[in-house]
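One structure is given below, encoded as structure tokens.
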Amino acid sequence: MVGKITVITGPMYSGKTTELLSFVEIYNIGRKKTIVFKPSIDNRYGEDIVSTHTGFKVSAIRISKSREILDYIRDSIDAVFVDEIQFFDLELVDVVKELVFKGIDVYCAGLDISYLENPFETTAKLLAMADEVIKKKAVCEKCGEHRATYSYKIIPNGGEIDVGGKEKYIALCRKCLSEIKKQEVIL
């Protein structure tokens, strides 16, 4: 028996974590054994929980390196859930492979591209090997349409990896991002 890999991706505020947690709930209703992981870098809503921007949350284990996931896996685990995969090292890909060949379903959620429009390598590799990809969209902060696929950083400081929420990022559609970039060139 082998497991399956599901990757949920899209920009900030698109409901990636909400979708991930809905799968956790489905497995729990089915009395399946689950375990949830998050990167130690992300402590926005607490150290031992994964939470949506709207406050729905579940208990989670914070880890620094992907390989640590294997320390928590027991024979009885049916599904593993990993949030914010863009913050994990590339070894997450090998860990996920190992889990699915043990018969464990793995659900991953995370950004596909940075605010600089660079693909996150860990996410890209997991997308390539996923059995199912769920690509989410957000409501564009500028035009209000549900077609945003970009996370735009409104605070120019910090690096490409810069954990934050509404105080740093907004979701934009391609058209509105293009308009903002044109304005930036003019300034």
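Ligands are numbered from 1 in the order shown, chains are lettered A, B, ... in the order of the structure tokens, and residues start at 1 in each chain.
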For this session: Taking the DSSP assignment computed from this structure's backbone, write out as a PyMOL selection string all residues of range 50-107 of chain A that belong to strand (DSSP E or B).
Result: chain A and resi 50-51+57-59+61-63+79-82+105-107
Written file, previous selection with all heavy atoms, as a compact mmCIF listing (two decimals), in the first residue's frame:
# COMPACT_ATOMS: atom_id res chain seq x y z
N VAL A 50 -1.19 25.37 13.96
CA VAL A 50 -1.33 25.89 12.61
C VAL A 50 -2.67 26.58 12.61
O VAL A 50 -3.67 26.00 13.04
CB VAL A 50 -1.28 24.77 11.55
CG1 VAL A 50 -1.75 25.27 10.20
CG2 VAL A 50 0.13 24.20 11.44
N SER A 51 -2.70 27.82 12.15
CA SER A 51 -3.92 28.61 12.18
C SER A 51 -4.14 29.31 10.85
O SER A 51 -3.19 29.72 10.18
CB SER A 51 -3.82 29.67 13.29
OG SER A 51 -4.97 30.48 13.31
N LYS A 57 -7.85 26.73 13.92
CA LYS A 57 -6.53 26.21 14.23
C LYS A 57 -6.54 24.77 14.70
O LYS A 57 -7.56 24.27 15.18
CB LYS A 57 -5.84 27.09 15.27
CG LYS A 57 -6.63 27.29 16.53
CD LYS A 57 -6.01 28.37 17.39
CE LYS A 57 -6.98 28.75 18.49
NZ LYS A 57 -6.64 29.99 19.14
N VAL A 58 -5.39 24.12 14.55
CA VAL A 58 -5.17 22.77 15.06
C VAL A 58 -3.78 22.71 15.69
O VAL A 58 -2.91 23.52 15.38
CB VAL A 58 -5.28 21.68 13.96
CG1 VAL A 58 -6.66 21.66 13.32
CG2 VAL A 58 -4.20 21.83 12.91
N SER A 59 -3.59 21.73 16.56
CA SER A 59 -2.27 21.53 17.18
C SER A 59 -1.27 21.08 16.13
O SER A 59 -1.61 20.33 15.21
CB SER A 59 -2.36 20.46 18.27
OG SER A 59 -3.17 20.91 19.32
N ILE A 61 3.26 20.41 15.36
CA ILE A 61 4.62 20.25 15.87
C ILE A 61 5.53 21.14 15.05
O ILE A 61 5.55 21.05 13.82
CB ILE A 61 5.07 18.78 15.76
CG1 ILE A 61 4.16 17.90 16.63
CG2 ILE A 61 6.54 18.64 16.18
CD1 ILE A 61 4.33 16.42 16.40
N ARG A 62 6.26 22.02 15.73
CA ARG A 62 7.22 22.90 15.06
C ARG A 62 8.52 22.16 14.86
O ARG A 62 9.04 21.55 15.79
CB ARG A 62 7.50 24.13 15.93
CG ARG A 62 6.44 25.18 15.85
CD ARG A 62 6.76 26.36 16.73
NE ARG A 62 7.87 27.13 16.19
CZ ARG A 62 8.73 27.82 16.94
NH1 ARG A 62 8.62 27.84 18.23
NH2 ARG A 62 9.69 28.52 16.37
N ILE A 63 9.04 22.26 13.64
CA ILE A 63 10.32 21.61 13.36
C ILE A 63 11.23 22.57 12.58
O ILE A 63 10.75 23.45 11.88
CB ILE A 63 10.14 20.29 12.57
CG1 ILE A 63 9.36 20.52 11.28
CG2 ILE A 63 9.47 19.23 13.43
CD1 ILE A 63 9.34 19.31 10.37
N ALA A 79 -2.12 9.93 8.00
CA ALA A 79 -1.87 11.11 7.16
C ALA A 79 -0.99 12.11 7.89
O ALA A 79 -1.12 12.31 9.10
CB ALA A 79 -3.18 11.78 6.76
N VAL A 80 -0.10 12.74 7.11
CA VAL A 80 0.78 13.79 7.61
C VAL A 80 0.42 15.08 6.87
O VAL A 80 0.20 15.06 5.66
CB VAL A 80 2.26 13.43 7.36
CG1 VAL A 80 3.17 14.62 7.58
CG2 VAL A 80 2.67 12.26 8.24
N PHE A 81 0.35 16.17 7.61
CA PHE A 81 0.01 17.48 7.05
C PHE A 81 1.15 18.44 7.35
O PHE A 81 1.58 18.53 8.50
CB PHE A 81 -1.30 17.98 7.68
CG PHE A 81 -2.46 17.06 7.42
CD1 PHE A 81 -2.71 15.98 8.24
CD2 PHE A 81 -3.28 17.27 6.32
CE1 PHE A 81 -3.76 15.11 7.98
CE2 PHE A 81 -4.33 16.41 6.05
CZ PHE A 81 -4.58 15.33 6.88
N VAL A 82 1.60 19.13 6.31
CA VAL A 82 2.73 20.05 6.46
C VAL A 82 2.32 21.41 5.92
O VAL A 82 1.96 21.54 4.75
CB VAL A 82 3.99 19.55 5.72
CG1 VAL A 82 5.18 20.45 6.02
CG2 VAL A 82 4.30 18.10 6.08
N ASP A 105 -0.62 9.08 3.63
CA ASP A 105 -1.02 10.19 2.77
C ASP A 105 -0.35 11.46 3.30
O ASP A 105 -0.30 11.68 4.52
CB ASP A 105 -2.54 10.39 2.80
CG ASP A 105 -3.29 9.23 2.15
OD1 ASP A 105 -2.69 8.50 1.33
OD2 ASP A 105 -4.48 9.05 2.47
N VAL A 106 0.15 12.29 2.39
CA VAL A 106 0.83 13.52 2.78
C VAL A 106 0.15 14.70 2.09
O VAL A 106 -0.02 14.70 0.87
CB VAL A 106 2.33 13.50 2.42
CG1 VAL A 106 3.00 14.80 2.87
CG2 VAL A 106 3.03 12.29 3.06
N TYR A 107 -0.23 15.68 2.89
CA TYR A 107 -0.84 16.91 2.40
C TYR A 107 0.10 18.06 2.74
O TYR A 107 0.50 18.21 3.89
CB TYR A 107 -2.20 17.16 3.07
CG TYR A 107 -3.25 16.19 2.63
CD1 TYR A 107 -3.31 14.90 3.15
CD2 TYR A 107 -4.19 16.55 1.67
CE1 TYR A 107 -4.27 14.00 2.73
CE2 TYR A 107 -5.17 15.66 1.25
CZ TYR A 107 -5.19 14.38 1.79
OH TYR A 107 -6.16 13.50 1.37
Exercise. Leaving out range 179-183 of chain A and any residue of its chain fewer than 3 positions from it, which residues lie within 12 Å of it when counting only C-alpha atoms, given as a PyMOL selection string?
Worked result: chain A and resi 116+141-143+152-154+172-176+186-187
Seminar exercise, completed: CA of Cys108 in chain A sits from CA of Cys140 in chain A at a separation of 23.7 Å
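When only C-alpha atoms are used to compute distances to Thr6 in chain A, the closest of the residues A:Glu167, A:Glu25, A:Asp75, A:Glu19 turns out to be A:Glu19.
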For this session: Would you mind writing down, as a PyMOL selection string, each residue of chain A that DSSP on the backbone assigns to alpha helix (DSSP H)?
Result: chain A and resi 16-29+91-101+121-129+174-186
